[in-house]
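S.K.: For reference, the file input-v1.pdb (PDB, C-alpha atoms) is included below:
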ATOM      1  CA  GLN O   1     -10.904  -4.171  16.832  1.00  0.00           C
ATOM      2  CA  ALA O   2      -8.913  -2.192  14.282  1.00  0.00           C
ATOM      3  CA  GLN O   3      -7.423  -4.291  11.538  1.00  0.00           C
ATOM      4  CA  LEU O   4      -5.885  -3.952   8.089  1.00  0.00           C
ATOM      5  CA  VAL O   5      -5.810  -6.969   5.797  1.00  0.00           C
ATOM      6  CA  GLU O   6      -3.854  -6.936   2.549  1.00  0.00           C
ATOM      7  CA  SER O   7      -4.301  -9.219  -0.429  1.00  0.00           C
ATOM      8  CA  GLY O   8      -3.409  -9.398  -4.089  1.00  0.00           C
ATOM      9  CA  GLY O   9       0.284 -10.156  -3.979  1.00  0.00           C
ATOM     10  CA  GLY O  10       1.886 -12.779  -6.169  1.00  0.00           C
ATOM     11  CA  SER O  11       4.592 -13.550  -8.692  1.00  0.00           C
ATOM     12  CA  VAL O  12       4.767 -11.833 -12.061  1.00  0.00           C
ATOM     13  CA  GLN O  13       7.296 -11.258 -14.781  1.00  0.00           C
ATOM     14  CA  ALA O  14       8.861  -7.873 -15.356  1.00  0.00           C
ATOM     15  CA  GLY O  15       6.473  -5.572 -17.165  1.00  0.00           C
ATOM     16  CA  GLY O  16       3.436  -7.198 -15.596  1.00  0.00           C
ATOM     17  CA  SER O  17       0.807  -5.764 -13.295  1.00  0.00           C
ATOM     18  CA  LEU O  18      -0.726  -6.502  -9.920  1.00  0.00           C
ATOM     19  CA  ARG O  19      -3.387  -4.818  -7.822  1.00  0.00           C
ATOM     20  CA  LEU O  20      -3.080  -4.942  -4.066  1.00  0.00           C
ATOM     21  CA  SER O  21      -6.051  -4.432  -1.772  1.00  0.00           C
ATOM     22  CA  CYS O  22      -6.198  -3.423   1.866  1.00  0.00           C
ATOM     23  CA  VAL O  23      -9.440  -3.697   3.818  1.00  0.00           C
ATOM     24  CA  ALA O  24      -9.804  -1.614   6.956  1.00  0.00           C
ATOM     25  CA  SER O  25     -12.073  -2.655   9.812  1.00  0.00           C
ATOM     26  CA  GLY O  26     -12.936  -1.423  13.271  1.00  0.00           C
ATOM     27  CA  ARG O  27     -12.090   2.061  14.468  1.00  0.00           C
ATOM     28  CA  ILE O  28      -9.821   2.824  11.484  1.00  0.00           C
ATOM     29  CA  ARG O  29     -12.570   2.547   8.901  1.00  0.00           C
ATOM     30  CA  GLY O  30     -12.777   5.722   6.855  1.00  0.00           C
ATOM     31  CA  VAL O  31      -9.471   7.112   8.105  1.00  0.00           C
ATOM     32  CA  ASN O  32      -7.905   9.533   5.624  1.00  0.00           C
ATOM     33  CA  THR O  33      -4.281   8.933   6.568  1.00  0.00           C
ATOM     34  CA  MET O  34      -3.305   5.690   4.923  1.00  0.00           C
ATOM     35  CA  GLY O  35      -0.339   4.461   2.965  1.00  0.00           C
ATOM     36  CA  TRP O  36       1.350   1.571   1.248  1.00  0.00           C
ATOM     37  CA  TYR O  37       4.872   0.603   2.265  1.00  0.00           C
ATOM     38  CA  ARG O  38       7.260  -2.103   1.163  1.00  0.00           C
ATOM     39  CA  GLN O  39      10.213  -3.930   2.595  1.00  0.00           C
ATOM     40  CA  ALA O  40      12.715  -5.900   0.558  1.00  0.00           C
ATOM     41  CA  PRO O  41      14.961  -8.506   2.220  1.00  0.00           C
ATOM     42  CA  GLY O  42      17.706  -6.842   4.221  1.00  0.00           C
ATOM     43  CA  LYS O  43      16.330  -3.362   3.642  1.00  0.00           C
ATOM     44  CA  GLN O  44      14.252  -0.897   5.622  1.00  0.00           C
ATOM     45  CA  ARG O  45      10.543  -0.449   5.145  1.00  0.00           C
ATOM     46  CA  ASP O  46       9.901   2.447   2.772  1.00  0.00           C
ATOM     47  CA  LEU O  47       6.891   4.467   1.743  1.00  0.00           C
ATOM     48  CA  VAL O  48       5.478   3.606  -1.676  1.00  0.00           C
ATOM     49  CA  ALA O  49       2.348   5.765  -1.852  1.00  0.00           C
ATOM     50  CA  SER O  50       0.053   7.450   0.615  1.00  0.00           C
ATOM     51  CA  PHE O  51      -3.022   9.575   1.204  1.00  0.00           C
ATOM     52  CA  THR O  52      -2.332  12.478   3.516  1.00  0.00           C
ATOM     53  CA  ARG O  53      -4.754  13.865   6.073  1.00  0.00           C
ATOM     54  CA  ASP O  54      -5.679  16.726   3.744  1.00  0.00           C
ATOM     55  CA  GLY O  55      -6.376  14.380   0.850  1.00  0.00           C
ATOM     56  CA  ASN O  56      -3.172  14.772  -1.109  1.00  0.00           C
ATOM     57  CA  ILE O  57      -1.334  11.791  -2.569  1.00  0.00           C
ATOM     58  CA  ASN O  58       2.389  11.119  -2.325  1.00  0.00           C
ATOM     59  CA  TYR O  59       4.434   8.638  -4.341  1.00  0.00           C
ATOM     60  CA  ALA O  60       7.991   7.442  -3.994  1.00  0.00           C
ATOM     61  CA  ASP O  61      10.036   8.627  -6.962  1.00  0.00           C
ATOM     62  CA  SER O  62      10.786   5.030  -7.904  1.00  0.00           C
ATOM     63  CA  VAL O  63       7.106   4.229  -8.530  1.00  0.00           C
ATOM     64  CA  LYS O  64       5.773   7.476  -9.985  1.00  0.00           C
ATOM     65  CA  ASP O  65       3.923   6.971 -13.266  1.00  0.00           C
ATOM     66  CA  ARG O  66       3.781   3.203 -12.642  1.00  0.00           C
ATOM     67  CA  PHE O  67       1.796   2.802  -9.405  1.00  0.00           C
ATOM     68  CA  THR O  68      -1.559   4.314  -8.483  1.00  0.00           C
ATOM     69  CA  ILE O  69      -3.106   4.471  -5.033  1.00  0.00           C
ATOM     70  CA  SER O  70      -6.872   4.670  -4.748  1.00  0.00           C
ATOM     71  CA  ARG O  71      -9.700   3.897  -2.350  1.00  0.00           C
ATOM     72  CA  ASN O  72     -13.301   2.816  -2.260  1.00  0.00           C
ATOM     73  CA  ARG O  73     -14.806   4.474   0.799  1.00  0.00           C
ATOM     74  CA  ALA O  74     -17.995   2.457   0.613  1.00  0.00           C
ATOM     75  CA  ARG O  75     -15.984  -0.738   0.968  1.00  0.00           C
ATOM     76  CA  ASP O  76     -13.334   0.643   3.350  1.00  0.00           C
ATOM     77  CA  THR O  77     -10.807  -0.682   0.884  1.00  0.00           C
ATOM     78  CA  TYR O  78      -7.590   0.850  -0.396  1.00  0.00           C
ATOM     79  CA  TYR O  79      -5.827  -0.239  -3.537  1.00  0.00           C
ATOM     80  CA  LEU O  80      -2.381  -0.087  -5.062  1.00  0.00           C
ATOM     81  CA  GLN O  81      -2.380  -0.644  -8.806  1.00  0.00           C
ATOM     82  CA  MET O  82       1.124  -1.588  -9.889  1.00  0.00           C
ATOM     83  CA  ASN O  83       2.003  -1.523 -13.582  1.00  0.00           C
ATOM     84  CA  SER O  84       5.252  -1.999 -15.474  1.00  0.00           C
ATOM     85  CA  LEU O  85       6.643  -3.966 -12.559  1.00  0.00           C
ATOM     86  CA  LYS O  86      10.400  -4.340 -12.222  1.00  0.00           C
ATOM     87  CA  PRO O  87      12.489  -6.908 -10.322  1.00  0.00           C
ATOM     88  CA  GLU O  88      13.449  -4.160  -7.877  1.00  0.00           C
ATOM     89  CA  ASP O  89       9.785  -3.888  -6.884  1.00  0.00           C
ATOM     90  CA  THR O  90      10.079  -7.292  -5.233  1.00  0.00           C
ATOM     91  CA  ALA O  91       9.189  -6.885  -1.562  1.00  0.00           C
ATOM     92  CA  VAL O  92       6.572  -7.484   1.083  1.00  0.00           C
ATOM     93  CA  TYR O  93       3.964  -4.766   0.747  1.00  0.00           C
ATOM     94  CA  TYR O  94       2.146  -3.416   3.795  1.00  0.00           C
ATOM     95  CA  CYS O  95      -0.681  -0.978   4.313  1.00  0.00           C
ATOM     96  CA  ARG O  96      -0.537   1.381   7.255  1.00  0.00           C
ATOM     97  CA  SER O  97      -3.045   3.702   8.831  1.00  0.00           C
ATOM     98  CA  ILE O  98      -2.820   6.301  11.567  1.00  0.00           C
ATOM     99  CA  PHE O  99      -5.683   7.115  13.902  1.00  0.00           C
ATOM    100  CA  ALA O 100      -5.793   8.922  17.230  1.00  0.00           C
ATOM    101  CA  GLY O 101      -2.028   8.907  17.532  1.00  0.00           C
ATOM    102  CA  ALA O 102      -1.664   5.185  16.934  1.00  0.00           C
ATOM    103  CA  GLU O 103      -0.446   3.412  13.843  1.00  0.00           C
ATOM    104  CA  TYR O 104      -1.825   0.205  12.452  1.00  0.00           C
ATOM    105  CA  TRP O 105      -0.157  -2.210  10.049  1.00  0.00           C
ATOM    106  CA  GLY O 106      -1.428  -5.065   7.980  1.00  0.00           C
ATOM    107  CA  GLN O 107       0.281  -8.440   7.884  1.00  0.00           C
ATOM    108  CA  GLY O 108       1.846  -7.803   4.481  1.00  0.00           C
ATOM    109  CA  THR O 109       1.569  -9.428   1.078  1.00  0.00           C
ATOM    110  CA  GLN O 110       4.504 -10.688  -0.968  1.00  0.00           C
ATOM    111  CA  VAL O 111       5.176  -9.331  -4.442  1.00  0.00           C
ATOM    112  CA  THR O 112       7.834 -11.064  -6.507  1.00  0.00           C
ATOM    113  CA  VAL O 113       8.874  -9.787  -9.922  1.00  0.00           C
ATOM    114  CA  SER O 114      11.125 -11.960 -12.069  1.00  0.00           C
ATOM    115  CA  SER O 115      13.259 -10.743 -14.926  1.00  0.00           C
TER     116      SER O 115
END
Translate the structure of the given file into structure tokens.
M.R.:
Amino acid sequence: QAQLVESGGGSVQAGGSLRLSCVASGRIRGVNTMGWYRQAPGKQRDLVASFTRDGNINYADSVKDRFTISRNRARDTYYLQMNSLKPEDTAVYYCRSIFAGAEYWGQGTQVTVSS
């Protein structure tokens, strides 16, 4: 069964750092197309960072130079290193993968940044 499980969220003060992890299992292990998204209360879910099918990396303008997406293929784990966090980064963060025309989402992990 395909599954994505996020972890690493929490509460930090502005300027702090967090590292989110997303473990892939089942048929979506090793999939290239994977991304991190976030959704703040009352807002739509937006892309934060992603690996494309051809191996490129995309970042939202709001997180460039602060967030870094990476992966450990041996562990089927994807990471989002978040530095210099701001209150506006507060949201539920989700990982998403696409395989064989279907998309898969994790359950989300809450990130709260206080000023």
S.K.: Got a sec: who's within 10 Å of stretch 92-96 of chain O, counting all atoms listed in the file, leaving out chain neighbours fewer than 4 positions off, as a PyMOL selection string?
M.R.: chain O and resi 3-9+20-24+33-41+45-50+78-80+103-112
S.K.: Could you state the separation of atom CA of O:Ser70 and atom CA of O:Gly42 in Å, given to one decimal place?
M.R.: 28.6 Å
S.K.: Counting all atoms listed in the file, which of O:Asn32, O:Val113, O:Lys64, O:Gly55 gets nearest to O:Asp89?
M.R.: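 Comparing O:Asn32, O:Val113, O:Lys64, O:Gly55 against O:Asp89, the winner is O:Val113.
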S.K.: Evaluate the PyMOL selection byres ((chain O and resi 85) around 8) here and jot the selected residues down as a list in words.
M.R.: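 Taken over the shown coordinates, the PyMOL selection byres ((chain O and resi 85) around 8) returns Gln13, Ala14, Gly15, Gly16, Ser17, Arg66, Met82, Asn83, Ser84, Lys86, Pro87, Asp89 and Val113 of chain O.
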S.K.: Can you tell me how far atom CA of O:Asp54 sits from atom CA of O:Arg29, in Å to one decimal?
M.R.: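 Distance between the two atoms: 16.6 Å.
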S.K.: Could I see stretch 58-78 of chain O restored to N, CA, C and O atoms, set down as a compact mmCIF listing (two decimals), in the frame of the given file?
M.R.:
# COMPACT_ATOMS: atom_id res chain seq x y z
N ASN O 58 0.94 11.12 -2.15
CA ASN O 58 2.39 11.12 -2.33
C ASN O 58 2.83 9.79 -2.91
O ASN O 58 2.28 8.74 -2.57
N TYR O 59 3.83 9.84 -3.78
CA TYR O 59 4.43 8.64 -4.34
C TYR O 59 5.94 8.70 -4.16
O TYR O 59 6.55 9.76 -4.27
N ALA O 60 6.54 7.53 -3.94
CA ALA O 60 7.99 7.44 -3.99
C ALA O 60 8.42 7.68 -5.44
O ALA O 60 7.73 7.28 -6.38
N ASP O 61 9.56 8.32 -5.60
CA ASP O 61 10.04 8.63 -6.96
C ASP O 61 10.17 7.37 -7.81
O ASP O 61 9.92 7.39 -9.01
N SER O 62 10.53 6.27 -7.17
CA SER O 62 10.79 5.03 -7.90
C SER O 62 9.53 4.40 -8.49
O SER O 62 9.62 3.53 -9.36
N VAL O 63 8.34 4.84 -8.03
CA VAL O 63 7.11 4.23 -8.53
C VAL O 63 6.21 5.22 -9.26
O VAL O 63 5.14 4.83 -9.77
N LYS O 64 6.59 6.48 -9.29
CA LYS O 64 5.77 7.48 -9.98
C LYS O 64 5.55 7.06 -11.43
O LYS O 64 6.46 6.56 -12.09
N ASP O 65 4.34 7.28 -11.90
CA ASP O 65 3.92 6.97 -13.27
C ASP O 65 3.76 5.47 -13.51
O ASP O 65 3.42 5.07 -14.63
N ARG O 66 4.01 4.64 -12.50
CA ARG O 66 3.78 3.20 -12.64
C ARG O 66 2.74 2.69 -11.65
O ARG O 66 1.98 1.78 -11.98
N PHE O 67 2.71 3.25 -10.45
CA PHE O 67 1.80 2.80 -9.40
C PHE O 67 0.73 3.86 -9.18
O PHE O 67 0.99 5.07 -9.29
N THR O 68 -0.47 3.40 -8.80
CA THR O 68 -1.56 4.31 -8.48
C THR O 68 -2.26 3.85 -7.21
O THR O 68 -2.68 2.70 -7.12
N ILE O 69 -2.37 4.76 -6.26
CA ILE O 69 -3.11 4.47 -5.03
C ILE O 69 -4.53 4.99 -5.19
O ILE O 69 -4.75 6.05 -5.78
N SER O 70 -5.48 4.25 -4.67
CA SER O 70 -6.87 4.67 -4.75
C SER O 70 -7.64 4.06 -3.58
O SER O 70 -7.09 3.26 -2.82
N ARG O 71 -8.90 4.45 -3.44
CA ARG O 71 -9.70 3.90 -2.35
C ARG O 71 -11.16 3.87 -2.74
O ARG O 71 -11.63 4.66 -3.54
N ASN O 72 -11.86 2.94 -2.13
CA ASN O 72 -13.30 2.82 -2.26
C ASN O 72 -13.86 2.99 -0.84
O ASN O 72 -13.80 2.06 -0.03
N ARG O 73 -14.36 4.19 -0.57
CA ARG O 73 -14.81 4.47 0.80
C ARG O 73 -15.96 3.59 1.22
O ARG O 73 -16.07 3.18 2.37
N ALA O 74 -16.83 3.27 0.27
CA ALA O 74 -18.00 2.46 0.61
C ALA O 74 -17.59 1.07 1.08
O ALA O 74 -18.30 0.43 1.86
N ARG O 75 -16.45 0.60 0.61
CA ARG O 75 -15.98 -0.74 0.97
C ARG O 75 -14.84 -0.70 1.96
O ARG O 75 -14.27 -1.75 2.30
N ASP O 76 -14.46 0.51 2.42
CA ASP O 76 -13.33 0.64 3.35
C ASP O 76 -12.10 -0.09 2.82
O ASP O 76 -11.38 -0.75 3.58
N THR O 77 -11.89 0.04 1.54
CA THR O 77 -10.81 -0.68 0.88
C THR O 77 -9.90 0.29 0.15
O THR O 77 -10.37 1.23 -0.50
N TYR O 78 -8.60 0.06 0.29
CA TYR O 78 -7.59 0.85 -0.40
C TYR O 78 -6.88 -0.05 -1.40
O TYR O 78 -6.73 -1.25 -1.16
